[in-house]
Amino acid sequence: MEMKLSEIAEMIGGELIGNHSVIIRDVAQIENAKEGEISFIAHKKYFKFLSQTNASGIIVPTDIVSSDKNIIKIKNPYISFIKLVQMFRPLQTTLKIGIDERAVIGNNCKIEDGGSIAAYAVLEDDVIIRKGAKIFPGVYLGRKVVVDEDAVIYPNVSILRNVIIGKRVIIHSGTVIGSDGFGYVRDGEQYVKVPHTGIVVIEDDVEIGANCTVDRATIGETRIKKGCKIDNLIHIAHNVIVGENTVMAAQVGISGSTTIGKDVQIGGQAGFIHHLKIGDRVQVGAQAGVINSLPDDTCVWGTPAKKLTETKKIEIYLRKIPDLFKRVKNLEKRNKS
Amino acid sequence: MEMKLSEIAEMIGGELIGNHSVIIRDVAQIENAKEGEISFIAHKKYFKFLSQTNASGIIVPTDIVSSDKNIIKIKNPYISFIKLVQMFRPLQTTLKIGIDERAVIGNNCKIEDGGSIAAYAVLEDDVIIRKGAKIFPGVYLGRKVVVDEDAVIYPNVSILRNVIIGKRVIIHSGTVIGSDGFGYVRDGEQYVKVPHTGIVVIEDDVEIGANCTVDRATIGETRIKKGCKIDNLIHIAHNVIVGENTVMAAQVGISGSTTIGKDVQIGGQAGFIHHLKIGDRVQVGAQAGVINSLPDDTCVWGTPAKKLTETKKIEIYLRKIPDLFKRVKNLEKRNKS
Amino acid sequence: MEMKLSEIAEMIGGELIGNHSVIIRDVAQIENAKEGEISFIAHKKYFKFLSQTNASGIIVPTDIVSSDKNIIKIKNPYISFIKLVQMFRPLQTTLKIGIDERAVIGNNCKIEDGGSIAAYAVLEDDVIIRKGAKIFPGVYLGRKVVVDEDAVIYPNVSILRNVIIGKRVIIHSGTVIGSDGFGYVRDGEQYVKVPHTGIVVIEDDVEIGANCTVDRATIGETRIKKGCKIDNLIHIAHNVIVGENTVMAAQVGISGSTTIGKDVQIGGQAGFIHHLKIGDRVQVGAQAGVINSLPDDTCVWGTPAKKLTETKKIEIYLRKIPDLFKRVKNLEKRNKS
């Protein structure tokens with residue numbers, strides 16, 4: 001597809017300075033954009049690329065005053081750029097609307113118009129697929145699973161019985177939702193398995209990455225609330241509740257019955273022990289090991305996790321420790337003499 | 001289903017104090033149990049809920065003397081409660097006994113009566129499925145795999161060639177057993193792959209969570225012994241031996257040829273380097289990084305892992321380090337003067 | 001199969017000292033080799049096994065002068081032994097050459113002679129499978145995926161659209177390549193998903209373990225270069241570049257846009273934050289948390305990662321910290337008096 005730069009400026013509602021009639025054919029990163037491509041700059045550290053880029057158009061923040069390039073000034077360049085990416089590079093899928101004849105559909109399933117069920121997907125009895133939902137090949141949906149409108153379940157995902165998937169949820173390949181939680185009671189020499197009869201609820205607009213695991217509740221529910229974004233290889237245990245719009249980077253692990261607030265940000269490989277209560281807007285650094293509940297707006301790092309300022313201060317002092325030993329030795333020498 | 005509380009007391013062998021004829025219809029957590037439901041209390045910290053709960057029956061430890069509620073006193077309330085959960089909420093699966101016509105069954109496979117093979121499961125040649133074993137959709141079983149009596153292999157599990165799965169083993173979705181171990185020999189500029197011709201043995205009563213990986217031995221075997229419980233996203237490398245009734249929380253990683261004793265408890269995200277020998281009843285804290293072999297009954301934490309008491313002591317002193325620097329500075333001032 | 005020890009010596013080009021006509025039927029580890037088996041010793045710490053082993057032949061390094069056993073002296077015993085393993089224990093697969101009729105082949109796919117597509121594999125439109133490539137059951141290949149010559153894609157792997165898999169690449173079960181990267185822009189209360197329109201390139205001779213995730217680039221590409229060896233449960237984010245012959249142990253996580261040099265060695269569970277530049281031949285210890293770019297040939301450990309020597313030194317001093325507090329207290333007492 002082709003668009004004049006002036007048409008793009010009008011569409012996104014920005015102020016175009018430069019050549020109005022230049023033709024745009026694709027989107028690109030600022031560092032390697034070519035003629036005919038549009039790019040964007042959002043952060044100051046990329047401003048240097050403005051003079052070097054070969055892009056035919058650059059979306060820039062309003063605090064850029066002028067340039068010899070064709071620029072479109074707008075408040076939030078990245079959001080506008082995303083709209084252009086969606087337009088110039090629409091997601092092409094060969095998934096057809098309707099039910100592939102090689103899918104297994106259990107008894108009493110309800111598949112609304114506009115849902116897609118691919119080959120070799122397996123739906124057990126009583127599954128409900130709402131309109132616009134997409135079930136890719138190799139997906140398993142257990143008994144009574146509900147997949148709401150426009151949700152996308154990528155290939156080889158396993159969703160066990162009684163799990164509820166909200167509207168526009170995206171679940172990437174290999175993820176498992178509704179596996180039994182990790183619970184046993186010691187009975188003499190052996191462990192007795194605690195039955196997991198609860199459910200999992202994934203609310204609207206959640207995105208879950210590839211090869212994650214979200215365990216079903218013992219009794220009650222495991223719940224990931226509206227708008228959460230979960231990266232790859234993340235473990236969410238039984239009875240965990242994650243608040244709205246919380247984001248977690250890859251390989252995070254959250255133990256059983258811990259509650260995470262809303263708008264929380266969790267760095268990669270961080271871990272939480274069980275039964276904690278983590279407040280809203282908490283920030284947890286990468287690889288942190290959280291072993292205590294945290295009030296709202298706390299910022300922690302380290303294992304065991306401490307306030308970020310404290311961990312950083314200790315870290316600075318740690319590097320001076322060998323020197324401190326020397327200083328104490330000197331003092332001891334003097335005090336002996 | 002419905003049962004009188006007196007019938008339940010008799011069934012589990014406990015002493016009922018209160019209304020014998022109240023009807024129980026479901027199980028529930030003590031915090032949110034409703035009329036007609038039965039719950040339990042095992043630990044002292046939940047005793048407070050006894051006066052508040054709306055449960056029509058509560059299973060309690062024998063040290064609770066009396067209550068205005070209907071209580072059943074018994075030695076191990078949790079184990080008894082688990083029996084009730086299994087009874088009131090039986091696991092419902094739509095998996096039919098027998099071989100689904102859409103499964104692939106290789107040459108010379110032996111599937112005993114009472115085994116279930118679901119649609120789109122694939123069994124290579126010479127696979128043996130014993131009675132009562134359940135193979136869910138999308139499972140891959142490589143050549144000569146044996147799945148013993150009453151084992152459950154959940155959807156989209158991959159079990160590669162020559163792996164032996166014991167009786168009553170449960171393997172959750174997405175787990176991979178028998179992938180090649182990570183072994184290469186440098187030959188000039190490149191790495192040469194070490195062939196992995198060994199096997200994996202998963203002994204009776206082991207449960208393995210979702211999206212784990214258990215690698216095949218280089219030569220010999222990787223073995224997870226009887227009764228082990230393995231959480232989600234855990235990595236067990238080639239030639240690892242895990243002793244009986246050992247439990248590991250999610251995201252643990254065990255490197256090649258390390259031996260773990262029996263009754264060991266490993267916290268989430270802990271890691272072990274290769275060729276270690278970890279004794280029986282060892283306890284390893286979450287996120288610990290174990291780089292040395294450990295004798296029986298050791299309790300370690302931290303990276304590198306040290307005795308728990310030592311790591312805790314260092315942790316306490318660490319927080320006082322900034323203050324120590326001040327104190328040394330003061331001493332230096334005095335000594336100069 | 002059977003071979004005389006003299007034939008083996010000739011084949012691998014080593015010097016045989018001992019019985020030339022002894023018959024070899026299998027390979028074994030030195031510790032438990034039996035008569036009729038051949039083994040090897042590569043490292044000094046295994047030399048002690050030479051006098052104890054029952055192996056009928058042992059491949060040894062050239063610095064072993066003599067033995068009462070049948071030895072074959074050669075420069076690199078392990079590489080030679082690997083050749084014997086491949087010969088005595090050839091990988092047996094029941095995967096047939098050609099396209100199984102239960103595979104789904106999209107429109108306009110190109111499958112060269114000698115390629116294997118197993119049952120319940122799904123190829124979307126425009127997929128290219130080159131000669132000798134093996135696609136196991138349950139594999140999903142998205143639109144325009146290319147799998148080059150002799151690559152092996154194990155069961156239940158998901159490779160999303162536009163991903164390129166090089167020659168002789170091995171991808172183990174459950175791994176996901178080409179899932180969307182983790183990118184969102186905050187827009188008021190909500191997150192807007194950044195479209196991921198880039199690709200992933202896995203170059204020749206790369207091996208990727210089980211249940212890994214390699215995300216597609218936002219724009220541009222995620223690339224794992226020639227000869228890299230990636231263990232299980234590893235996360236490689238969008239736009240990461242990994243240099244040639246780099247190896248990573250299990251559960252490593254690399255955040256978005258970080259570049260890793262060639263011949264880098266990364267220990268298990270190590271993590272890298274985003275946008276770093278890691279040089280060539282860098283060594284990163286297990287569980288390290290790398291938060292800064294690293295020049296060539298650096299060796300780091302710890303969280304945050306520091307030079308190995310520094311982390312080790314701090315670790316030694318840490319254990320003496322409780323004692324240091326005592327010493328400072330003593331000094332303070334003296335200074336007061």
# chains A, B, ... in the order shown; residues from 1 in each chain; ligands from 1
>>> interface_residues(of="chain C", to="chain B", cutoff="8 Å", atoms="only C-alpha atoms", output="MDAnalysis selection string")
chainID C and resid 28:29 78:79 82 85:86 89 91 93:94 119:120 137:138 155:156 172:174 209:211 227 231:233 245 249:251 268:269 286:287 302 318:319 321:322 325 328 331:332 335
>>> atom_distance(atom1="CA of Asn32 (chain A)", atom2="CA of Asn239 (chain C)")
13.7 Å
>>> residues_around(residues="Ser116 (chain A)", least_positions_apart="5", cutoff="9 Å", atoms="only C-alpha atoms", output="PDB file with all heavy atoms, in the first residue's frame")
ATOM      1  N   LEU A  95      -5.782 -18.563   9.077  1.00  0.00           N
ATOM      2  CA  LEU A  95      -6.852 -19.197   9.837  1.00  0.00           C
ATOM      3  C   LEU A  95      -8.206 -18.802   9.236  1.00  0.00           C
ATOM      4  O   LEU A  95      -8.538 -17.629   9.151  1.00  0.00           O
ATOM      5  CB  LEU A  95      -6.772 -18.720  11.287  1.00  0.00           C
ATOM      6  CG  LEU A  95      -7.407 -19.611  12.344  1.00  0.00           C
ATOM      7  CD1 LEU A  95      -6.714 -20.950  12.399  1.00  0.00           C
ATOM      8  CD2 LEU A  95      -7.298 -18.920  13.696  1.00  0.00           C
ATOM      9  N   LYS A  96      -8.988 -19.781   8.856  1.00  0.00           N
ATOM     10  CA  LYS A  96     -10.274 -19.483   8.231  1.00  0.00           C
ATOM     11  C   LYS A  96     -11.371 -19.390   9.281  1.00  0.00           C
ATOM     12  O   LYS A  96     -11.333 -20.095  10.299  1.00  0.00           O
ATOM     13  CB  LYS A  96     -10.618 -20.576   7.213  1.00  0.00           C
ATOM     14  CG  LYS A  96      -9.756 -20.485   5.960  1.00  0.00           C
ATOM     15  CD  LYS A  96      -9.943 -21.693   5.078  1.00  0.00           C
ATOM     16  CE  LYS A  96      -8.834 -21.734   4.027  1.00  0.00           C
ATOM     17  NZ  LYS A  96      -7.473 -21.978   4.612  1.00  0.00           N
ATOM     18  N   ILE A  97     -12.353 -18.550   9.020  1.00  0.00           N
ATOM     19  CA  ILE A  97     -13.508 -18.490   9.919  1.00  0.00           C
ATOM     20  C   ILE A  97     -14.314 -19.780   9.769  1.00  0.00           C
ATOM     21  O   ILE A  97     -14.459 -20.312   8.669  1.00  0.00           O
ATOM     22  CB  ILE A  97     -14.356 -17.236   9.620  1.00  0.00           C
ATOM     23  CG1 ILE A  97     -13.593 -15.998  10.115  1.00  0.00           C
ATOM     24  CG2 ILE A  97     -15.732 -17.319  10.264  1.00  0.00           C
ATOM     25  CD1 ILE A  97     -14.221 -14.683   9.768  1.00  0.00           C
ATOM     26  N   GLY A  98     -14.757 -20.278  10.880  1.00  0.00           N
ATOM     27  CA  GLY A  98     -15.520 -21.524  10.860  1.00  0.00           C
ATOM     28  C   GLY A  98     -14.734 -22.659  11.489  1.00  0.00           C
ATOM     29  O   GLY A  98     -13.656 -22.453  12.046  1.00  0.00           O
ATOM     30  N   ILE A  99     -15.292 -23.844  11.396  1.00  0.00           N
ATOM     31  CA  ILE A  99     -14.719 -25.008  12.076  1.00  0.00           C
ATOM     32  C   ILE A  99     -14.071 -25.933  11.070  1.00  0.00           C
ATOM     33  O   ILE A  99     -14.743 -26.468  10.193  1.00  0.00           O
ATOM     34  CB  ILE A  99     -15.822 -25.764  12.854  1.00  0.00           C
ATOM     35  CG1 ILE A  99     -16.523 -24.822  13.822  1.00  0.00           C
ATOM     36  CG2 ILE A  99     -15.238 -26.973  13.567  1.00  0.00           C
ATOM     37  CD1 ILE A  99     -17.778 -25.410  14.449  1.00  0.00           C
ATOM     38  N   ASP A 100     -12.767 -26.098  11.169  1.00  0.00           N
ATOM     39  CA  ASP A 100     -12.071 -27.031  10.284  1.00  0.00           C
ATOM     40  C   ASP A 100     -12.594 -28.445  10.554  1.00  0.00           C
ATOM     41  O   ASP A 100     -12.803 -28.836  11.711  1.00  0.00           O
ATOM     42  CB  ASP A 100     -10.566 -26.962  10.540  1.00  0.00           C
ATOM     43  CG  ASP A 100      -9.774 -27.733   9.504  1.00  0.00           C
ATOM     44  OD1 ASP A 100      -9.823 -28.993   9.531  1.00  0.00           O
ATOM     45  OD2 ASP A 100      -9.128 -27.104   8.663  1.00  0.00           O
ATOM     46  N   ILE A 111     -20.331 -22.797  19.406  1.00  0.00           N
ATOM     47  CA  ILE A 111     -19.349 -21.985  18.701  1.00  0.00           C
ATOM     48  C   ILE A 111     -20.101 -20.910  17.947  1.00  0.00           C
ATOM     49  O   ILE A 111     -20.847 -21.199  17.002  1.00  0.00           O
ATOM     50  CB  ILE A 111     -18.505 -22.857  17.760  1.00  0.00           C
ATOM     51  CG1 ILE A 111     -17.685 -23.817  18.645  1.00  0.00           C
ATOM     52  CG2 ILE A 111     -17.594 -22.007  16.891  1.00  0.00           C
ATOM     53  CD1 ILE A 111     -17.251 -25.059  17.967  1.00  0.00           C
ATOM     54  N   ILE A 129     -17.228 -21.006  22.493  1.00  0.00           N
ATOM     55  CA  ILE A 129     -16.325 -20.131  21.746  1.00  0.00           C
ATOM     56  C   ILE A 129     -17.160 -18.965  21.229  1.00  0.00           C
ATOM     57  O   ILE A 129     -18.073 -19.158  20.428  1.00  0.00           O
ATOM     58  CB  ILE A 129     -15.696 -20.870  20.537  1.00  0.00           C
ATOM     59  CG1 ILE A 129     -15.010 -22.178  20.984  1.00  0.00           C
ATOM     60  CG2 ILE A 129     -14.739 -19.967  19.773  1.00  0.00           C
ATOM     61  CD1 ILE A 129     -13.765 -21.993  21.789  1.00  0.00           C
ATOM     62  N   LYS A 131     -17.949 -15.112  19.370  1.00  0.00           N
ATOM     63  CA  LYS A 131     -17.664 -14.635  18.019  1.00  0.00           C
ATOM     64  C   LYS A 131     -16.296 -13.963  17.914  1.00  0.00           C
ATOM     65  O   LYS A 131     -15.878 -13.244  18.816  1.00  0.00           O
ATOM     66  CB  LYS A 131     -18.770 -13.693  17.543  1.00  0.00           C
ATOM     67  CG  LYS A 131     -18.897 -12.407  18.306  1.00  0.00           C
ATOM     68  CD  LYS A 131     -20.055 -11.560  17.759  1.00  0.00           C
ATOM     69  CE  LYS A 131     -20.188 -10.287  18.596  1.00  0.00           C
ATOM     70  NZ  LYS A 131     -21.345  -9.483  18.251  1.00  0.00           N
ATOM     71  N   GLY A 132     -15.636 -14.227  16.823  1.00  0.00           N
ATOM     72  CA  GLY A 132     -14.338 -13.621  16.571  1.00  0.00           C
ATOM     73  C   GLY A 132     -13.168 -14.307  17.255  1.00  0.00           C
ATOM     74  O   GLY A 132     -12.015 -13.960  17.008  1.00  0.00           O
ATOM     75  N   ALA A 133     -13.443 -15.267  18.129  1.00  0.00           N
ATOM     76  CA  ALA A 133     -12.337 -15.967  18.798  1.00  0.00           C
ATOM     77  C   ALA A 133     -11.617 -16.872  17.801  1.00  0.00           C
ATOM     78  O   ALA A 133     -12.242 -17.427  16.895  1.00  0.00           O
ATOM     79  CB  ALA A 133     -12.855 -16.764  19.983  1.00  0.00           C
ATOM     80  N   LYS A 134     -10.287 -16.983  17.974  1.00  0.00           N
ATOM     81  CA  LYS A 134      -9.477 -17.775  17.037  1.00  0.00           C
ATOM     82  C   LYS A 134      -8.746 -18.878  17.794  1.00  0.00           C
ATOM     83  O   LYS A 134      -7.925 -18.606  18.658  1.00  0.00           O
ATOM     84  CB  LYS A 134      -8.451 -16.874  16.341  1.00  0.00           C
ATOM     85  CG  LYS A 134      -9.051 -15.872  15.373  1.00  0.00           C
ATOM     86  CD  LYS A 134      -7.985 -14.980  14.787  1.00  0.00           C
ATOM     87  CE  LYS A 134      -8.602 -14.006  13.785  1.00  0.00           C
ATOM     88  NZ  LYS A 134      -9.655 -13.132  14.389  1.00  0.00           N
ATOM     89  N   ILE A 135      -9.018 -20.107  17.429  1.00  0.00           N
ATOM     90  CA  ILE A 135      -8.370 -21.260  18.051  1.00  0.00           C
ATOM     91  C   ILE A 135      -7.446 -21.886  17.014  1.00  0.00           C
ATOM     92  O   ILE A 135      -7.909 -22.465  16.031  1.00  0.00           O
ATOM     93  CB  ILE A 135      -9.421 -22.298  18.521  1.00  0.00           C
ATOM     94  CG1 ILE A 135     -10.548 -21.627  19.322  1.00  0.00           C
ATOM     95  CG2 ILE A 135      -8.761 -23.426  19.291  1.00  0.00           C
ATOM     96  CD1 ILE A 135     -10.117 -20.930  20.588  1.00  0.00           C
ATOM     97  N   PHE A 136      -6.141 -21.790  17.238  1.00  0.00           N
ATOM     98  CA  PHE A 136      -5.145 -22.276  16.278  1.00  0.00           C
ATOM     99  C   PHE A 136      -4.971 -23.807  16.378  1.00  0.00           C
ATOM    100  O   PHE A 136      -5.476 -24.441  17.296  1.00  0.00           O
ATOM    101  CB  PHE A 136      -3.814 -21.555  16.509  1.00  0.00           C
ATOM    102  CG  PHE A 136      -3.711 -20.239  15.783  1.00  0.00           C
ATOM    103  CD1 PHE A 136      -4.335 -19.099  16.278  1.00  0.00           C
ATOM    104  CD2 PHE A 136      -2.998 -20.128  14.597  1.00  0.00           C
ATOM    105  CE1 PHE A 136      -4.245 -17.879  15.612  1.00  0.00           C
ATOM    106  CE2 PHE A 136      -2.905 -18.915  13.927  1.00  0.00           C
ATOM    107  CZ  PHE A 136      -3.528 -17.797  14.425  1.00  0.00           C
TER     108      PHE A 136
END
>>> atom_distance(atom1="CA of Lys167 (chain B)", atom2="CA of Lys110 (chain B)")
16.2 Å
>>> residues_around(residues="Ile64 (chain C)", least_positions_apart="2", cutoff="10 Å", atoms="only C-alpha atoms", output="list in words")
Ile41, Lys44, Phe47, Val60, Pro61, Thr62, Ser66, Ser67, Ile71, Ile72, Lys73 and Ile74 of chain C
>>> write_last_selection(atoms="N, CA and C atoms", output="PDB file, in the first residue's frame")
ATOM      1  N   ILE C  41      38.654 -42.067  28.120  1.00  0.00           N
ATOM      2  CA  ILE C  41      39.048 -41.168  29.209  1.00  0.00           C
ATOM      3  C   ILE C  41      39.576 -39.896  28.582  1.00  0.00           C
ATOM      4  N   LYS C  44      42.060 -35.924  33.398  1.00  0.00           N
ATOM      5  CA  LYS C  44      42.943 -36.573  34.378  1.00  0.00           C
ATOM      6  C   LYS C  44      42.177 -37.200  35.519  1.00  0.00           C
ATOM      7  N   PHE C  47      41.464 -40.768  35.132  1.00  0.00           N
ATOM      8  CA  PHE C  47      42.563 -41.713  34.895  1.00  0.00           C
ATOM      9  C   PHE C  47      42.490 -42.917  35.838  1.00  0.00           C
ATOM     10  N   VAL C  60      42.231 -43.220  24.917  1.00  0.00           N
ATOM     11  CA  VAL C  60      42.901 -42.400  25.935  1.00  0.00           C
ATOM     12  C   VAL C  60      43.693 -41.272  25.269  1.00  0.00           C
ATOM     13  N   PRO C  61      44.002 -40.241  26.032  1.00  0.00           N
ATOM     14  CA  PRO C  61      44.834 -39.162  25.477  1.00  0.00           C
ATOM     15  C   PRO C  61      46.267 -39.652  25.277  1.00  0.00           C
ATOM     16  N   THR C  62      47.022 -38.948  24.477  1.00  0.00           N
ATOM     17  CA  THR C  62      48.372 -39.391  24.101  1.00  0.00           C
ATOM     18  C   THR C  62      49.349 -39.352  25.270  1.00  0.00           C
ATOM     19  N   SER C  66      51.299 -46.076  29.194  1.00  0.00           N
ATOM     20  CA  SER C  66      51.046 -47.502  29.051  1.00  0.00           C
ATOM     21  C   SER C  66      49.940 -47.932  29.998  1.00  0.00           C
ATOM     22  N   SER C  67      49.463 -49.136  29.820  1.00  0.00           N
ATOM     23  CA  SER C  67      48.386 -49.669  30.635  1.00  0.00           C
ATOM     24  C   SER C  67      48.335 -51.165  30.421  1.00  0.00           C
ATOM     25  N   ILE C  71      44.407 -50.120  25.016  1.00  0.00           N
ATOM     26  CA  ILE C  71      44.161 -48.685  24.859  1.00  0.00           C
ATOM     27  C   ILE C  71      44.421 -48.224  23.434  1.00  0.00           C
ATOM     28  N   ILE C  72      43.645 -47.212  23.033  1.00  0.00           N
ATOM     29  CA  ILE C  72      43.902 -46.545  21.756  1.00  0.00           C
ATOM     30  C   ILE C  72      44.269 -45.103  22.088  1.00  0.00           C
ATOM     31  N   LYS C  73      45.492 -44.727  21.792  1.00  0.00           N
ATOM     32  CA  LYS C  73      45.953 -43.372  22.083  1.00  0.00           C
ATOM     33  C   LYS C  73      45.609 -42.427  20.932  1.00  0.00           C
ATOM     34  N   ILE C  74      45.059 -41.293  21.279  1.00  0.00           N
ATOM     35  CA  ILE C  74      44.642 -40.345  20.233  1.00  0.00           C
ATOM     36  C   ILE C  74      44.559 -38.958  20.849  1.00  0.00           C
TER      37      ILE C  74
END
>>> select_by_dssp(residues="region 199-334 of chain B", states="helix (DSSP H, G or I)", output="JSON, numbers by chain")
{"B": [308, 309, 310, 311, 312, 313, 314, 315, 316, 317, 318, 319, 320, 321, 322, 323, 324, 325, 326, 327, 328, 329, 330, 331, 332, 333, 334]}
>>> write_last_selection(atoms="N, CA and C atoms", output="CSV table (one decimal), in the first residue's frame")
chain,number,residue,atom,x,y,z
B,308,LEU,N,21.8,-21.8,55.9
B,308,LEU,CA,20.7,-20.9,56.1
B,308,LEU,C,21.1,-19.9,57.2
B,309,THR,N,21.6,-20.4,58.3
B,309,THR,CA,21.9,-19.5,59.5
B,309,THR,C,23.0,-18.5,59.1
B,310,GLU,N,24.0,-19.0,58.3
B,310,GLU,CA,25.0,-18.0,57.9
B,310,GLU,C,24.5,-17.0,56.9
B,311,THR,N,23.7,-17.4,55.9
B,311,THR,CA,23.2,-16.4,55.0
B,311,THR,C,22.3,-15.4,55.7
B,312,LYS,N,21.5,-15.9,56.7
B,312,LYS,CA,20.6,-14.9,57.4
B,312,LYS,C,21.5,-14.0,58.2
B,313,LYS,N,22.5,-14.5,58.9
B,313,LYS,CA,23.4,-13.6,59.7
B,313,LYS,C,24.0,-12.6,58.8
B,314,ILE,N,24.6,-13.0,57.7
B,314,ILE,CA,25.2,-12.0,56.7
B,314,ILE,C,24.2,-11.0,56.3
B,315,GLU,N,23.0,-11.5,56.0
B,315,GLU,CA,22.0,-10.5,55.5
B,315,GLU,C,21.7,-9.5,56.6
B,316,ILE,N,21.6,-9.9,57.9
B,316,ILE,CA,21.4,-8.9,58.9
B,316,ILE,C,22.5,-7.9,59.0
B,317,TYR,N,23.8,-8.4,58.9
B,317,TYR,CA,24.9,-7.5,59.0
B,317,TYR,C,25.0,-6.6,57.8
B,318,LEU,N,24.6,-7.1,56.6
B,318,LEU,CA,24.6,-6.3,55.4
B,318,LEU,C,23.9,-5.0,55.6
B,319,ARG,N,22.7,-5.1,56.2
B,319,ARG,CA,21.9,-3.9,56.4
B,319,ARG,C,22.6,-2.9,57.3
B,320,LYS,N,23.5,-3.4,58.1
B,320,LYS,CA,24.2,-2.5,59.1
B,320,LYS,C,25.5,-2.0,58.5
B,321,ILE,N,25.9,-2.4,57.3
B,321,ILE,CA,27.1,-2.1,56.7
B,321,ILE,C,27.3,-0.5,56.5
B,322,PRO,N,26.3,0.2,56.0
B,322,PRO,CA,26.6,1.6,55.8
B,322,PRO,C,26.9,2.2,57.2
B,323,ASP,N,26.3,1.8,58.2
B,323,ASP,CA,26.6,2.3,59.6
B,323,ASP,C,28.0,1.9,60.0
B,324,LEU,N,28.5,0.7,59.6
B,324,LEU,CA,29.8,0.3,60.0
B,324,LEU,C,30.9,1.2,59.4
B,325,PHE,N,30.6,1.6,58.1
B,325,PHE,CA,31.6,2.5,57.5
B,325,PHE,C,31.7,3.8,58.2
B,326,LYS,N,30.6,4.3,58.7
B,326,LYS,CA,30.6,5.5,59.5
B,326,LYS,C,31.4,5.3,60.8
B,327,ARG,N,31.2,4.2,61.4
B,327,ARG,CA,31.9,3.9,62.7
B,327,ARG,C,33.4,3.8,62.5
B,328,VAL,N,33.8,3.2,61.4
B,328,VAL,CA,35.2,3.1,61.1
B,328,VAL,C,35.8,4.4,60.8
B,329,LYS,N,35.0,5.2,60.1
B,329,LYS,CA,35.5,6.6,59.8
B,329,LYS,C,35.7,7.4,61.1
B,330,ASN,N,34.8,7.2,62.0
B,330,ASN,CA,34.9,7.9,63.3
B,330,ASN,C,36.2,7.5,64.0
B,331,LEU,N,36.4,6.2,64.0
B,331,LEU,CA,37.6,5.6,64.7
B,331,LEU,C,38.9,6.2,64.0
B,332,GLU,N,38.8,6.3,62.7
B,332,GLU,CA,40.0,6.9,62.0
B,332,GLU,C,40.3,8.3,62.4
B,333,LYS,N,39.2,9.1,62.5
B,333,LYS,CA,39.3,10.5,62.9
B,333,LYS,C,40.0,10.6,64.3
B,334,ARG,N,39.4,9.8,65.2
B,334,ARG,CA,40.0,9.8,66.6
B,334,ARG,C,41.5,9.5,66.6
>>> residues_around(residues="Ile241 (chain B)", least_positions_apart="5", cutoff="9 Å", atoms="only C-alpha atoms", output="list in words")
Glu221, Thr222, Arg223, Ile224, Lys225, Ser257, Thr258, Thr259, Ile260 and Gly261 of chain B
>>> write_last_selection(atoms="N, CA, C and O atoms", output="short mmCIF file (atom, residue, chain, number, x, y, z; two decimals), in the first residue's frame")
data_model
loop_
_atom_site.label_atom_id
_atom_site.label_comp_id
_atom_site.auth_asym_id
_atom_site.auth_seq_id
_atom_site.Cartn_x
_atom_site.Cartn_y
_atom_site.Cartn_z
N GLU B 221 21.20 -43.37 32.48
CA GLU B 221 19.83 -42.90 32.65
C GLU B 221 19.72 -41.64 33.50
O GLU B 221 20.54 -41.36 34.36
N THR B 222 18.68 -40.90 33.21
CA THR B 222 18.19 -39.84 34.08
C THR B 222 17.04 -40.49 34.84
O THR B 222 16.20 -41.15 34.23
N ARG B 223 16.96 -40.29 36.17
CA ARG B 223 15.95 -41.02 36.93
C ARG B 223 15.32 -40.13 38.00
O ARG B 223 16.02 -39.49 38.77
N ILE B 224 14.00 -40.10 38.02
CA ILE B 224 13.26 -39.40 39.08
C ILE B 224 12.56 -40.49 39.88
O ILE B 224 11.69 -41.18 39.36
N LYS B 225 12.97 -40.61 41.16
CA LYS B 225 12.54 -41.76 41.93
C LYS B 225 11.14 -41.61 42.52
O LYS B 225 10.56 -40.53 42.55
N SER B 257 24.25 -34.54 35.60
CA SER B 257 24.92 -35.53 36.45
C SER B 257 24.87 -35.20 37.94
O SER B 257 25.53 -35.86 38.73
N THR B 258 24.11 -34.20 38.34
CA THR B 258 23.95 -33.93 39.77
C THR B 258 22.97 -34.94 40.36
O THR B 258 21.98 -35.31 39.73
N THR B 259 23.30 -35.42 41.57
CA THR B 259 22.45 -36.39 42.27
C THR B 259 21.79 -35.70 43.45
O THR B 259 22.47 -35.06 44.26
N ILE B 260 20.48 -35.81 43.56
CA ILE B 260 19.74 -35.20 44.66
C ILE B 260 19.23 -36.35 45.53
O ILE B 260 18.72 -37.34 45.02
N GLY B 261 19.36 -36.19 46.86
CA GLY B 261 18.94 -37.24 47.79
C GLY B 261 17.43 -37.38 47.89
O GLY B 261 16.68 -36.78 47.13
#
>>> atom_distance(atom1="CA of Val152 (chain A)", atom2="CA of Val27 (chain A)")
25.0 Å
